Amino acid sequence: MSSIRLNNVKKAYGATEVIHGVDLDISEGEFVVFVGPSGCGKSTLLRLISGLEDITDGDLYIGDERVNDYRPKERGIAMVFQSYALYPHMTVYKNMAFGLKLGKTDKAEIDRRVRETAKILQLDKLLDRRPSELSGGQRQRVAIGRAIVRQPKVFLFDEPLSNLDAALRVQTRIEIANLHEELKTTIIYVTHDQVEAMTLADKIVVLNGGNVEQVGAPLELYNSPRNLFVAGFIGSPSMNFIKGEITLISDTGVTVTAGGGSAVTLPLKPGKATVGEAVTIGVRPEHMNEGADGDFHLTGRVDVVERLGDVSYVYFHLPDTERLTMSVPFTSAAKKGEAIAVSAASADIHLFDEQGQALERLP
Amino acid sequence: MSMQKMRKPLGAAGVHAILGAYTVLALWPIFLVIANSFKERKAIFRDPLALPTIDSFSLIGFEKVLGKSSFGLYLFNSLSVTLITLAIVLLIGAMAAWALSEYKFKGNTLLSIYMAIGIMVPIRLGSVSILQLIVDLDLTNTRTALVLVYVAQSLPLAIFILSEFMRQIPGDLKEAARCDGISEYGIFFHIILPLVRPAIATVGVFTMVPIWNDLWFPLILAPSPETATITLGVQQFIGQYVTDWNSVLASLTMAILPVLIIYLIFSRQLIRGITSGAVK
């Protein structure tokens with residue numbers, strides 16, 4: 001168990017910089033998820049922490065030690081790979097015991113730890129099998145077990161669920177969450193799946209293009225995304241963006257008009273925004289309702305209705321062709337081709353200035 | 001459709017016919033050697049293609065070879081030179097291949113090309129300089145000289161084949177091992193080597209056979225009776241005017257055996273490697 005601190009960490013391959021100075025504090029026992037689209041540098045950042053890649057610039061601390069120049073095995077980390085990376089010629093037992101055996105741990109101690117771990121992960125009946133004789137989920141559990149027996153200070157997970165099918169992914173996700181409850185070890189977990197991020201994390205780090213866009217608790221990111229990128233990335237289906245313009249700034253907030261909608265006054269601090277500035281209005285699909293109950297009104301035409309059973313997604317477009325998504329109860333009578341009136345409460349609406357930065361809420 | 005249906009069995013039969021013909025062709029000389037080694041001298045010349053019969057059966061060749069020549073010594077020489085070379089080539093070759101395929105360092109490409117040149121240029125072109133070198137090192141008529149030359153001859157191909165195989169081992173596996181706290185030597189011996197075992201077996205066979213059969217280097221570097229290998233030893237039965245065919249064929253027959261045994265050991269690894277790979 002250890003805290004981790006990144007201080008302006010940079011990584012460059014030759015002249016190409018891929019991580020542009022990341023500052024991050026991870027407390028002891030925290031479950032941190034790095035999330036972002038592919039190529040955002042999340043895996044690279046994890047590999048920098050693991051020691052598989054060298055840090056070009058900046059400092060990395062695990063506990064109180066600066067570990068920049070330490071090799072992976074000296075950092076007290078254990079990593080679980082997307083491809084499982086089990087040793088194919090060894091049994092499950094040997095896979096888990098291998099690192100300890102070569103680390104000259106006492107044989108009885110190895111045996112105790114392996115069997116204990118196997119029990120936690122329900123692998124005790126599979127110890128004599130080879131990886132080729134296991135299913136995907138079992139393999140992933142072995143990979144996790146191999147990490148656990150080493151009793152590391154930090155667990156690193158690199159997209160561990162990407163190779164599993166949907167049902168198994170949910171199940172393994174819960175197992176990992178339980179495991180963290182039990183072991184209370186610091187975990188850094190990389191994924192491109194924002195559902196995994198939301199469900200597992202104590203703290204989410206949203207990365208984009210080698211920069212940290214926002215760090216926060218899952219609901220914090222959901223409720224007050226700092227910028228357009230985070231707003232669009234967190235939440236499923238993703239947030240609707242409508243082009244608008246600031247028409248009035250007053251004590252009660254900022255009034256905007258959307259291209260095809262009504263004017264609405266939002267309880268936000270104007271910050272540097274000025275009247276006449278082109279802004280982006282953000283509304284989550286689940287915060288839109290059919291009808292005119294809300295403060296912000298839009299009228300459009302329905303393109304497609306997807307009925308998922310408990311909920312339906314209505315895809316519609318505004319007169320000026322902006323395409324939006326709304327989630328409605330399954331009772332909705334929305335039909336393809338028909339006009340639809342939509343509204344949202346002003347408290348649920350986000351506003352982003354010309355630079356894509358969110359306007360803060362009034363207290 | 002009908003064309004395809006027609007073609008398929010014909011194709012299979014054709015392939016088998018060609019492979020069968022080649023097998024017969026390749027095994028024919030060996031069959032002749034073995035069959036004739038059990039015949040009387042006259043029978044060999046009277047009907048070289050016939051199998052030994054009760055009348056023509058004779059072990060005279062084997063008696064002569066085992067009784068009157070130093071066949072045991074030759075066999076020992078051949079075996080020791082081949083096996084020691086094999087061990088060195090496989091160990092150093094695998095380690096070099098691992099270094100070239102895994103680590104990025106200056107001169108990596110250059111070294112790889114240098115090794116590739118070793119495959120293309122026949123080592124016998126350098127016979128004169130090699131002989132000079134061995135004389136200067138005072139290693140003439142030693143098995144060490146042969147081992148050194150054979151190691152040099154076999155290493156390039158071994159490194160080439162093994163590094164290709166090692167490149168195919170997923171990077172995650174090595175990185176997982178590194179995170180597991182295993183040293184680079186540990187990774188090499190406990191993970192890489194077991195995984196490239198089929199390749200090692202292949203390289204083993206490719207290395208062993210030419211060395212076992214080589215006549216050239218024993219002839220120029222170690223022709224003394226104490227260091228002669230089997231191929232060289234057999235030459236004493238071949239004279240300018242008279243050739244003792246019984247002995248030649250008998251010693252060749254016996255020379256096949258050890259190499260056959262080593263081959264069987266390796267080929268078992270080959271098959272095991274192939275099947276274990278298929279399941280994974």
# chains A, B, ... in the order shown; residues from 1 in each chain; ligands from 1
$ select_by_dssp --residues "range 277-340 of chain A" --states "strand (DSSP E)" --output "PyMOL selection string"
chain A and resi 278-283+288-290+296-307+311-317+323-329+339-340
$ write_last_selection --atoms "N, CA and C atoms" --output "short mmCIF file (atom, residue, chain, number, x, y, z; two decimals), in the first residue's frame"
data_model
loop_
_atom_site.label_atom_id
_atom_site.label_comp_id
_atom_site.auth_asym_id
_atom_site.auth_seq_id
_atom_site.Cartn_x
_atom_site.Cartn_y
_atom_site.Cartn_z
N ALA A 278 -20.13 33.30 -28.85
CA ALA A 278 -20.69 32.01 -29.29
C ALA A 278 -20.31 30.96 -28.26
N VAL A 279 -21.30 30.22 -27.77
CA VAL A 279 -21.05 29.24 -26.73
C VAL A 279 -21.65 27.89 -27.14
N THR A 280 -21.33 26.87 -26.36
CA THR A 280 -21.92 25.56 -26.59
C THR A 280 -22.76 25.20 -25.38
N ILE A 281 -23.99 24.84 -25.66
CA ILE A 281 -24.89 24.43 -24.59
C ILE A 281 -24.85 22.91 -24.53
N GLY A 282 -24.64 22.37 -23.32
CA GLY A 282 -24.58 20.92 -23.18
C GLY A 282 -25.72 20.39 -22.34
N VAL A 283 -26.45 19.40 -22.88
CA VAL A 283 -27.54 18.78 -22.13
C VAL A 283 -27.40 17.26 -22.27
N MET A 288 -33.18 15.41 -20.67
CA MET A 288 -34.18 15.99 -21.58
C MET A 288 -35.49 15.26 -21.38
N ASN A 289 -36.58 15.99 -21.52
CA ASN A 289 -37.90 15.38 -21.40
C ASN A 289 -38.76 15.79 -22.58
N GLU A 290 -39.70 14.93 -22.89
CA GLU A 290 -40.70 15.32 -23.88
C GLU A 290 -41.63 16.34 -23.23
N PHE A 296 -35.75 25.13 -20.74
CA PHE A 296 -35.12 25.31 -22.05
C PHE A 296 -35.88 24.46 -23.05
N HIS A 297 -36.35 25.09 -24.10
CA HIS A 297 -37.24 24.38 -25.03
C HIS A 297 -36.61 24.24 -26.40
N LEU A 298 -36.83 23.07 -26.98
CA LEU A 298 -36.34 22.80 -28.33
C LEU A 298 -37.46 22.10 -29.08
N THR A 299 -37.54 22.34 -30.38
CA THR A 299 -38.46 21.53 -31.18
C THR A 299 -37.68 20.96 -32.34
N GLY A 300 -37.93 19.70 -32.60
CA GLY A 300 -37.19 19.04 -33.68
C GLY A 300 -38.02 17.96 -34.31
N ARG A 301 -37.39 17.17 -35.15
CA ARG A 301 -38.08 16.09 -35.83
C ARG A 301 -37.35 14.79 -35.52
N VAL A 302 -38.11 13.73 -35.26
CA VAL A 302 -37.51 12.46 -34.84
C VAL A 302 -36.90 11.73 -36.03
N ASP A 303 -35.65 11.28 -35.89
CA ASP A 303 -35.00 10.49 -36.94
C ASP A 303 -35.19 9.00 -36.68
N VAL A 304 -34.85 8.59 -35.48
CA VAL A 304 -34.88 7.16 -35.14
C VAL A 304 -35.31 7.03 -33.69
N VAL A 305 -36.06 5.96 -33.39
CA VAL A 305 -36.34 5.65 -31.99
C VAL A 305 -35.78 4.26 -31.71
N GLU A 306 -34.91 4.14 -30.72
CA GLU A 306 -34.37 2.84 -30.33
C GLU A 306 -35.05 2.44 -29.03
N ARG A 307 -35.73 1.31 -29.04
CA ARG A 307 -36.40 0.87 -27.82
C ARG A 307 -35.60 -0.24 -27.16
N VAL A 311 -35.87 1.64 -21.35
CA VAL A 311 -35.66 3.01 -21.78
C VAL A 311 -35.64 3.06 -23.30
N SER A 312 -35.98 4.24 -23.85
CA SER A 312 -35.88 4.38 -25.30
C SER A 312 -34.98 5.57 -25.61
N TYR A 313 -34.24 5.44 -26.67
CA TYR A 313 -33.43 6.58 -27.11
C TYR A 313 -34.10 7.18 -28.34
N VAL A 314 -34.35 8.47 -28.26
CA VAL A 314 -34.94 9.16 -29.40
C VAL A 314 -33.84 10.02 -30.04
N TYR A 315 -33.56 9.73 -31.29
CA TYR A 315 -32.59 10.55 -32.03
C TYR A 315 -33.40 11.53 -32.86
N PHE A 316 -33.15 12.82 -32.67
CA PHE A 316 -33.91 13.80 -33.44
C PHE A 316 -32.98 14.92 -33.89
N HIS A 317 -33.48 15.75 -34.82
CA HIS A 317 -32.64 16.87 -35.24
C HIS A 317 -33.42 18.17 -35.15
N ARG A 323 -27.94 17.30 -34.59
CA ARG A 323 -28.51 16.00 -34.23
C ARG A 323 -28.36 15.77 -32.73
N LEU A 324 -29.44 15.38 -32.09
CA LEU A 324 -29.44 15.23 -30.64
C LEU A 324 -30.00 13.87 -30.25
N THR A 325 -29.70 13.48 -29.04
CA THR A 325 -30.22 12.23 -28.51
C THR A 325 -30.94 12.53 -27.21
N MET A 326 -32.04 11.84 -26.97
CA MET A 326 -32.76 12.02 -25.73
C MET A 326 -33.12 10.63 -25.22
N SER A 327 -33.00 10.42 -23.92
CA SER A 327 -33.48 9.14 -23.40
C SER A 327 -34.79 9.38 -22.68
N VAL A 328 -35.77 8.57 -22.99
CA VAL A 328 -37.13 8.75 -22.47
C VAL A 328 -37.63 7.41 -21.93
N PRO A 329 -38.63 7.43 -21.07
CA PRO A 329 -39.19 6.16 -20.59
C PRO A 329 -39.76 5.36 -21.74
N ALA A 339 -42.83 15.49 -35.47
CA ALA A 339 -42.24 16.62 -34.74
C ALA A 339 -42.23 16.28 -33.26
N ILE A 340 -41.25 16.85 -32.54
CA ILE A 340 -41.17 16.56 -31.13
C ILE A 340 -40.77 17.82 -30.37
#
$ interface_residues --of "chain B" --to "chain A" --cutoff "10 Å" --atoms "only C-alpha atoms" --output "list in words"
Pro170, Gly171, Asp172, Leu173, Lys174, Glu175, Ala176, Ala177, Arg178, Cys179, Asp180, Gly181, Ile182, Ser183, Gly186, His190, Ile191, Ile192, Pro194, Leu195, Ser276, Gly277, Ala278, Val279 and Lys280 of chain B
$ atom_distance --atom1 "CA of Phe155 in chain A" --atom2 "CA of Lys184 in chain A"
10.5 Å
$ select_by_dssp --residues "range 101-341 of chain A" --states "alpha helix (DSSP H)" --output "PyMOL selection string"
chain A and resi 101-102+107-120+136-148+166-183+194-200+218-223+228-233
$ write_last_selection --atoms "C-alpha atoms" --output "PDB file, in the first residue's frame"
ATOM      1  CA  LYS A 101      10.193 -18.681  -6.613  1.00  0.00           C
ATOM      2  CA  LEU A 102      12.814 -16.754  -8.559  1.00  0.00           C
ATOM      3  CA  LYS A 107       8.709 -22.518  -0.421  1.00  0.00           C
ATOM      4  CA  ALA A 108       6.104 -23.018   2.271  1.00  0.00           C
ATOM      5  CA  GLU A 109       5.318 -19.308   2.185  1.00  0.00           C
ATOM      6  CA  ILE A 110       4.877 -19.409  -1.598  1.00  0.00           C
ATOM      7  CA  ASP A 111       2.555 -22.356  -1.287  1.00  0.00           C
ATOM      8  CA  ARG A 112       0.514 -20.647   1.412  1.00  0.00           C
ATOM      9  CA  ARG A 113       0.161 -17.430  -0.559  1.00  0.00           C
ATOM     10  CA  VAL A 114      -0.679 -19.139  -3.848  1.00  0.00           C
ATOM     11  CA  ARG A 115      -3.343 -21.321  -2.265  1.00  0.00           C
ATOM     12  CA  GLU A 116      -4.811 -18.435  -0.333  1.00  0.00           C
ATOM     13  CA  THR A 117      -4.988 -16.272  -3.455  1.00  0.00           C
ATOM     14  CA  ALA A 118      -6.415 -19.117  -5.491  1.00  0.00           C
ATOM     15  CA  LYS A 119      -9.161 -19.478  -2.928  1.00  0.00           C
ATOM     16  CA  ILE A 120     -10.062 -15.784  -3.090  1.00  0.00           C
ATOM     17  CA  GLY A 136     -10.920 -16.128 -20.882  1.00  0.00           C
ATOM     18  CA  GLY A 137     -12.362 -15.155 -17.529  1.00  0.00           C
ATOM     19  CA  GLN A 138     -10.355 -17.790 -15.688  1.00  0.00           C
ATOM     20  CA  ARG A 139      -7.188 -16.666 -17.432  1.00  0.00           C
ATOM     21  CA  GLN A 140      -7.810 -13.116 -16.373  1.00  0.00           C
ATOM     22  CA  ARG A 141      -8.313 -14.273 -12.795  1.00  0.00           C
ATOM     23  CA  VAL A 142      -5.001 -16.121 -12.928  1.00  0.00           C
ATOM     24  CA  ALA A 143      -3.348 -12.954 -14.183  1.00  0.00           C
ATOM     25  CA  ILE A 144      -4.869 -11.044 -11.279  1.00  0.00           C
ATOM     26  CA  GLY A 145      -3.822 -13.829  -8.897  1.00  0.00           C
ATOM     27  CA  ARG A 146      -0.281 -13.641 -10.165  1.00  0.00           C
ATOM     28  CA  ALA A 147      -0.297  -9.971  -9.248  1.00  0.00           C
ATOM     29  CA  ILE A 148      -1.859 -10.530  -5.822  1.00  0.00           C
ATOM     30  CA  ALA A 166     -20.006  -8.426 -22.054  1.00  0.00           C
ATOM     31  CA  ALA A 167     -21.517 -10.615 -19.315  1.00  0.00           C
ATOM     32  CA  LEU A 168     -18.159 -11.738 -18.008  1.00  0.00           C
ATOM     33  CA  ARG A 169     -16.920  -8.181 -18.092  1.00  0.00           C
ATOM     34  CA  VAL A 170     -19.625  -7.066 -15.692  1.00  0.00           C
ATOM     35  CA  GLN A 171     -18.945 -10.012 -13.391  1.00  0.00           C
ATOM     36  CA  THR A 172     -15.170  -9.526 -13.374  1.00  0.00           C
ATOM     37  CA  ARG A 173     -15.653  -5.809 -12.827  1.00  0.00           C
ATOM     38  CA  ILE A 174     -17.562  -6.562  -9.650  1.00  0.00           C
ATOM     39  CA  GLU A 175     -14.892  -9.047  -8.585  1.00  0.00           C
ATOM     40  CA  ILE A 176     -12.209  -6.428  -9.026  1.00  0.00           C
ATOM     41  CA  ALA A 177     -14.233  -3.942  -6.992  1.00  0.00           C
ATOM     42  CA  ASN A 178     -14.633  -6.530  -4.215  1.00  0.00           C
ATOM     43  CA  LEU A 179     -10.965  -7.333  -4.379  1.00  0.00           C
ATOM     44  CA  HIS A 180     -10.092  -3.718  -3.797  1.00  0.00           C
ATOM     45  CA  GLU A 181     -12.444  -3.636  -0.815  1.00  0.00           C
ATOM     46  CA  GLU A 182     -10.662  -6.647   0.588  1.00  0.00           C
ATOM     47  CA  LEU A 183      -7.035  -5.838  -0.152  1.00  0.00           C
ATOM     48  CA  GLN A 194     -16.252   4.975 -19.222  1.00  0.00           C
ATOM     49  CA  VAL A 195     -18.744   2.614 -17.584  1.00  0.00           C
ATOM     50  CA  GLU A 196     -15.854   0.715 -15.997  1.00  0.00           C
ATOM     51  CA  ALA A 197     -14.358   4.009 -14.967  1.00  0.00           C
ATOM     52  CA  MET A 198     -17.569   5.272 -13.381  1.00  0.00           C
ATOM     53  CA  THR A 199     -18.317   2.057 -11.517  1.00  0.00           C
ATOM     54  CA  LEU A 200     -14.866   1.214 -10.212  1.00  0.00           C
ATOM     55  CA  PRO A 218     -17.002   9.840 -10.918  1.00  0.00           C
ATOM     56  CA  LEU A 219     -20.076  11.911 -10.056  1.00  0.00           C
ATOM     57  CA  GLU A 220     -18.051  15.078  -9.942  1.00  0.00           C
ATOM     58  CA  LEU A 221     -16.996  14.487 -13.531  1.00  0.00           C
ATOM     59  CA  TYR A 222     -20.553  13.644 -14.476  1.00  0.00           C
ATOM     60  CA  ASN A 223     -22.135  16.623 -12.763  1.00  0.00           C
ATOM     61  CA  LEU A 228     -16.237  19.980 -23.643  1.00  0.00           C
ATOM     62  CA  PHE A 229     -13.996  16.936 -23.889  1.00  0.00           C
ATOM     63  CA  VAL A 230     -14.812  15.583 -20.447  1.00  0.00           C
ATOM     64  CA  ALA A 231     -18.482  16.464 -20.924  1.00  0.00           C
ATOM     65  CA  GLY A 232     -18.614  14.472 -24.150  1.00  0.00           C
ATOM     66  CA  PHE A 233     -16.557  11.576 -22.845  1.00  0.00           C
TER      67      PHE A 233
END
